[in-house]
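Below is the file final.cif, which contains mmCIF, C-alpha atoms.
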```cif
data_model
loop_
_atom_site.label_atom_id
_atom_site.label_comp_id
_atom_site.auth_asym_id
_atom_site.auth_seq_id
_atom_site.Cartn_x
_atom_site.Cartn_y
_atom_site.Cartn_z
CA MET A 1 10.39 -33.21 -45.35
CA LYS A 2 11.71 -29.76 -46.26
CA GLY A 3 14.78 -30.38 -44.13
CA LYS A 4 15.47 -33.67 -45.87
CA ILE A 5 15.21 -32.09 -49.31
CA LEU A 6 17.53 -29.25 -48.31
CA PHE A 7 19.98 -31.71 -46.77
CA LEU A 8 20.07 -33.88 -49.90
CA THR A 9 20.44 -30.82 -52.12
CA GLY A 10 23.33 -29.56 -49.99
CA LEU A 11 24.90 -33.01 -49.96
CA GLY A 12 24.71 -33.25 -53.74
CA LEU A 13 26.00 -29.74 -54.24
CA GLY A 14 28.84 -30.31 -51.81
CA TYR A 15 29.80 -33.52 -53.55
CA VAL A 16 29.74 -31.89 -56.99
CA LEU A 17 31.79 -28.92 -55.83
CA GLY A 18 34.17 -30.95 -53.70
CA THR A 19 34.76 -33.93 -55.91
CA ARG A 20 38.19 -34.66 -57.28
CA ALA A 21 36.87 -37.13 -59.83
CA GLY A 22 37.00 -34.52 -62.56
CA ARG A 23 34.81 -33.35 -65.37
CA GLU A 24 33.57 -36.80 -66.37
CA ARG A 25 32.00 -37.49 -62.99
CA TYR A 26 30.55 -33.99 -62.94
CA GLU A 27 28.86 -34.62 -66.28
CA GLN A 28 27.46 -37.94 -65.03
CA ILE A 29 25.98 -36.25 -61.98
CA LYS A 30 24.61 -33.40 -64.07
CA THR A 31 22.96 -35.82 -66.51
CA SER A 32 21.42 -37.81 -63.66
CA ALA A 33 20.08 -34.66 -62.04
CA GLN A 34 18.58 -33.49 -65.33
CA ARG A 35 16.96 -36.89 -65.87
CA LEU A 36 15.49 -36.76 -62.38
CA TRP A 37 14.24 -33.20 -62.77
CA ASN A 38 12.67 -33.93 -66.16
CA ASP A 39 10.93 -37.10 -64.94
CA PRO A 40 7.15 -36.73 -65.41
CA ARG A 41 6.49 -37.81 -61.80
CA VAL A 42 8.75 -35.06 -60.48
CA GLN A 43 7.19 -32.48 -62.78
CA ARG A 44 3.68 -33.48 -61.63
CA GLN A 45 4.76 -32.82 -58.05
CA VAL A 46 6.36 -29.51 -59.06
CA ASP A 47 3.08 -28.47 -60.69
CA THR A 48 1.12 -29.57 -57.60
CA VAL A 49 3.36 -27.53 -55.33
CA GLY A 50 3.12 -24.53 -57.67
CA ASP A 51 -0.68 -24.70 -57.61
CA PHE A 52 -0.67 -25.02 -53.82
CA VAL A 53 1.55 -21.95 -53.48
CA LYS A 54 -0.68 -19.94 -55.81
CA ASP A 55 -3.75 -20.92 -53.76
CA LYS A 56 -2.15 -20.06 -50.40
CA ALA A 57 -0.32 -16.87 -51.43
CA PRO A 58 -3.27 -14.50 -50.75
CA GLU A 59 -3.71 -15.96 -47.26
CA VAL A 60 -0.01 -15.51 -46.53
CA VAL A 61 -0.11 -11.92 -47.79
CA GLU A 62 -3.11 -11.19 -45.57
CA PHE A 63 -1.45 -12.83 -42.56
CA VAL A 64 1.79 -10.90 -43.00
CA SER A 65 -0.05 -7.65 -43.68
CA ASP A 66 -2.20 -7.99 -40.54
CA GLY A 67 0.87 -8.85 -38.47
CA ALA A 68 2.79 -5.87 -39.84
CA LYS A 69 -0.11 -3.52 -39.09
CA LYS A 70 -0.30 -4.76 -35.51
CA VAL A 71 3.44 -4.41 -34.99
CA ALA A 72 3.32 -0.91 -36.46
CA ALA A 73 0.45 -0.05 -34.12
CA GLN A 74 2.45 -1.30 -31.13
CA VAL A 75 5.58 0.59 -32.16
CA THR A 76 3.72 3.85 -32.75
CA GLY A 77 1.67 3.49 -29.59
CA GLY A 78 -1.56 2.43 -31.28
CA LYS A 79 -1.90 5.57 -33.37
CA SER A 80 -2.28 3.75 -36.70
CA GLY A 81 -5.68 2.71 -37.98
CA ALA A 82 -4.81 -0.99 -37.99
CA SER A 83 -6.94 -1.82 -34.96
CA LYS A 84 -9.97 -0.04 -36.41
CA SER A 85 -10.24 -2.24 -39.51
CA ALA A 86 -13.20 -4.60 -39.58
CA PRO A 87 -12.30 -8.27 -39.10
CA LYS A 88 -12.65 -10.45 -42.17
CA SER A 89 -14.72 -13.60 -42.18
CA THR A 90 -11.97 -15.93 -43.39
CA THR A 91 -10.48 -18.42 -41.00
CA ALA A 92 -7.00 -17.45 -42.16
CA SER A 93 -7.38 -13.90 -40.85
CA THR A 94 -8.89 -15.18 -37.59
CA THR A 95 -6.00 -17.58 -37.17
CA ALA A 96 -3.53 -14.85 -38.08
CA ALA A 97 -5.03 -12.45 -35.57
CA SER A 98 -5.02 -14.96 -32.75
CA SER A 99 -1.47 -16.08 -33.54
CA THR A 100 -0.25 -12.50 -33.62
CA ALA A 101 -2.10 -11.65 -30.41
CA LYS A 102 -0.58 -14.63 -28.65
CA ALA A 103 2.88 -13.75 -29.91
CA GLY A 104 2.54 -10.14 -28.78
CA SER A 105 1.22 -10.97 -25.33
CA SER A 106 3.69 -13.74 -24.61
CA THR A 107 6.73 -11.49 -24.46
CA GLY A 108 5.71 -9.87 -21.18
CA THR A 109 8.57 -7.38 -21.36
CA LYS A 110 8.16 -3.70 -20.77
CA SER A 111 10.15 -1.31 -22.86
CA PRO A 112 11.84 1.55 -21.04
CA ALA A 113 10.47 5.02 -21.52
CA ALA A 114 12.09 7.11 -24.21
CA GLY A 115 15.29 8.67 -22.98
CA SER A 116 15.62 6.50 -19.88
CA ARG A 117 18.69 4.37 -19.28
CA PRO A 118 19.18 1.23 -17.27
CA ALA A 119 20.68 1.72 -13.81
CA GLY A 120 24.45 2.11 -13.86
CA SER A 121 24.77 3.25 -17.47
CA SER A 122 26.28 6.58 -18.30
CA SER A 123 25.28 9.06 -20.94
CA GLY A 124 28.63 8.80 -22.64
CA THR A 125 29.97 12.10 -21.32
CA SER A 126 32.61 12.15 -18.59
#
```
Output the file's structure as structure tokens, nothing else.
Amino acid sequence: MKGKILFLTGLGLGYVLGTRAGRERYEQIKTSAQRLWNDPRVQRQVDTVGDFVKDKAPEVVEFVSDGAKKVAAQVTGGKSGASKSAPKSTTASTTAASSTAKAGSSTGTKSPAAGSRPAGSSSGTS
């Protein structure tokens, strides 16, 4: 659905910017868009989406924060206190933790030790 909305928005914007019909057609399109935007049905949906975003924002913040703490712990070698925090009882944090754990374990790549170079690379001095 999001892709369709973005596509239609881009299509409309491209038409408005690329049209050679002139100012009159631009004004017609602008008036139609304003009518659509100001339609009570559209505004009800805008309000619904706004309320949904306000309700979900704390969960998103928690998810991103937990993910950032885990990434920071991995980068610093586990020296941060992120892994010592007590788990929260919300399902969002449980889901976030399991998603982040899966993402971290699925890479399976080992990073080279600090200062080591892959075989065949030079240090830049000749």
- Note on the structure: note - CA of Glu59 (chain A) and CA of Gln45 (chain A) are separated by 21.7 Å
- Message: One number please: CA of Gly12 (chain A) to CA of Arg35 (chain A), in Å, one decimal.
- Response: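 Going from CA of Gly12 (chain A) over to CA of Arg35 (chain A), I get 14.8 Å.
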Which centre and edge lengths in Å to one decimal define the box along x, y and z that fits every listed atom of region 31-42 of chain A plus 4 Å per side, as JSON?
```
{"center_x": 14.7, "center_y": -35.5, "center_z": -63.5, "size_x": 24.5, "size_y": 12.6, "size_z": 14.0}
```
- Item | CA of Val16 (chain A) to CA of Ile29 (chain A), straight-line distance in Å |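 Taking CA of Ile29 (chain A) and CA of Val16 (chain A), their separation equals 7.6 Å.
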Reconstruct N, CA and C atoms of region 26-43 of chain A from the incomplete input and present them as a PDB file, in the frame of the given file.
```pdb
ATOM      1  N   TYR A  26      31.438 -35.137 -63.001  1.00  0.00           N
ATOM      2  CA  TYR A  26      30.550 -33.990 -62.940  1.00  0.00           C
ATOM      3  C   TYR A  26      29.452 -34.112 -64.003  1.00  0.00           C
ATOM      4  N   GLU A  27      29.833 -34.473 -65.201  1.00  0.00           N
ATOM      5  CA  GLU A  27      28.860 -34.620 -66.280  1.00  0.00           C
ATOM      6  C   GLU A  27      27.875 -35.747 -65.997  1.00  0.00           C
ATOM      7  N   GLN A  28      28.357 -36.850 -65.401  1.00  0.00           N
ATOM      8  CA  GLN A  28      27.460 -37.940 -65.030  1.00  0.00           C
ATOM      9  C   GLN A  28      26.426 -37.483 -64.018  1.00  0.00           C
ATOM     10  N   ILE A  29      26.885 -36.755 -63.025  1.00  0.00           N
ATOM     11  CA  ILE A  29      25.980 -36.250 -61.980  1.00  0.00           C
ATOM     12  C   ILE A  29      24.981 -35.268 -62.590  1.00  0.00           C
ATOM     13  N   LYS A  30      25.467 -34.394 -63.433  1.00  0.00           N
ATOM     14  CA  LYS A  30      24.610 -33.400 -64.070  1.00  0.00           C
ATOM     15  C   LYS A  30      23.536 -34.075 -64.917  1.00  0.00           C
ATOM     16  N   THR A  31      23.920 -35.091 -65.681  1.00  0.00           N
ATOM     17  CA  THR A  31      22.960 -35.820 -66.510  1.00  0.00           C
ATOM     18  C   THR A  31      21.917 -36.525 -65.653  1.00  0.00           C
ATOM     19  N   SER A  32      22.354 -37.136 -64.565  1.00  0.00           N
ATOM     20  CA  SER A  32      21.420 -37.810 -63.660  1.00  0.00           C
ATOM     21  C   SER A  32      20.436 -36.824 -63.042  1.00  0.00           C
ATOM     22  N   ALA A  33      20.950 -35.679 -62.641  1.00  0.00           N
ATOM     23  CA  ALA A  33      20.080 -34.660 -62.040  1.00  0.00           C
ATOM     24  C   ALA A  33      19.068 -34.147 -63.057  1.00  0.00           C
ATOM     25  N   GLN A  34      19.506 -33.946 -64.286  1.00  0.00           N
ATOM     26  CA  GLN A  34      18.580 -33.490 -65.330  1.00  0.00           C
ATOM     27  C   GLN A  34      17.514 -34.540 -65.615  1.00  0.00           C
ATOM     28  N   ARG A  35      17.918 -35.802 -65.658  1.00  0.00           N
ATOM     29  CA  ARG A  35      16.960 -36.890 -65.870  1.00  0.00           C
ATOM     30  C   ARG A  35      15.917 -36.905 -64.757  1.00  0.00           C
ATOM     31  N   LEU A  36      16.396 -36.768 -63.525  1.00  0.00           N
ATOM     32  CA  LEU A  36      15.490 -36.760 -62.380  1.00  0.00           C
ATOM     33  C   LEU A  36      14.531 -35.577 -62.460  1.00  0.00           C
ATOM     34  N   TRP A  37      15.064 -34.395 -62.721  1.00  0.00           N
ATOM     35  CA  TRP A  37      14.240 -33.200 -62.770  1.00  0.00           C
ATOM     36  C   TRP A  37      13.208 -33.277 -63.885  1.00  0.00           C
ATOM     37  N   ASN A  38      13.567 -33.855 -65.019  1.00  0.00           N
ATOM     38  CA  ASN A  38      12.670 -33.930 -66.160  1.00  0.00           C
ATOM     39  C   ASN A  38      11.719 -35.130 -66.113  1.00  0.00           C
ATOM     40  N   ASP A  39      11.821 -35.948 -65.104  1.00  0.00           N
ATOM     41  CA  ASP A  39      10.930 -37.100 -64.940  1.00  0.00           C
ATOM     42  C   ASP A  39       9.502 -36.596 -64.777  1.00  0.00           C
ATOM     43  N   PRO A  40       8.547 -37.196 -65.490  1.00  0.00           N
ATOM     44  CA  PRO A  40       7.150 -36.730 -65.410  1.00  0.00           C
ATOM     45  C   PRO A  40       6.583 -36.769 -63.984  1.00  0.00           C
ATOM     46  N   ARG A  41       6.993 -37.736 -63.180  1.00  0.00           N
ATOM     47  CA  ARG A  41       6.490 -37.810 -61.800  1.00  0.00           C
ATOM     48  C   ARG A  41       6.961 -36.602 -60.995  1.00  0.00           C
ATOM     49  N   VAL A  42       8.214 -36.224 -61.191  1.00  0.00           N
ATOM     50  CA  VAL A  42       8.750 -35.060 -60.480  1.00  0.00           C
ATOM     51  C   VAL A  42       8.045 -33.797 -60.957  1.00  0.00           C
ATOM     52  N   GLN A  43       7.841 -33.676 -62.242  1.00  0.00           N
ATOM     53  CA  GLN A  43       7.190 -32.480 -62.780  1.00  0.00           C
ATOM     54  C   GLN A  43       5.737 -32.380 -62.331  1.00  0.00           C
TER      55      GLN A  43
END
```
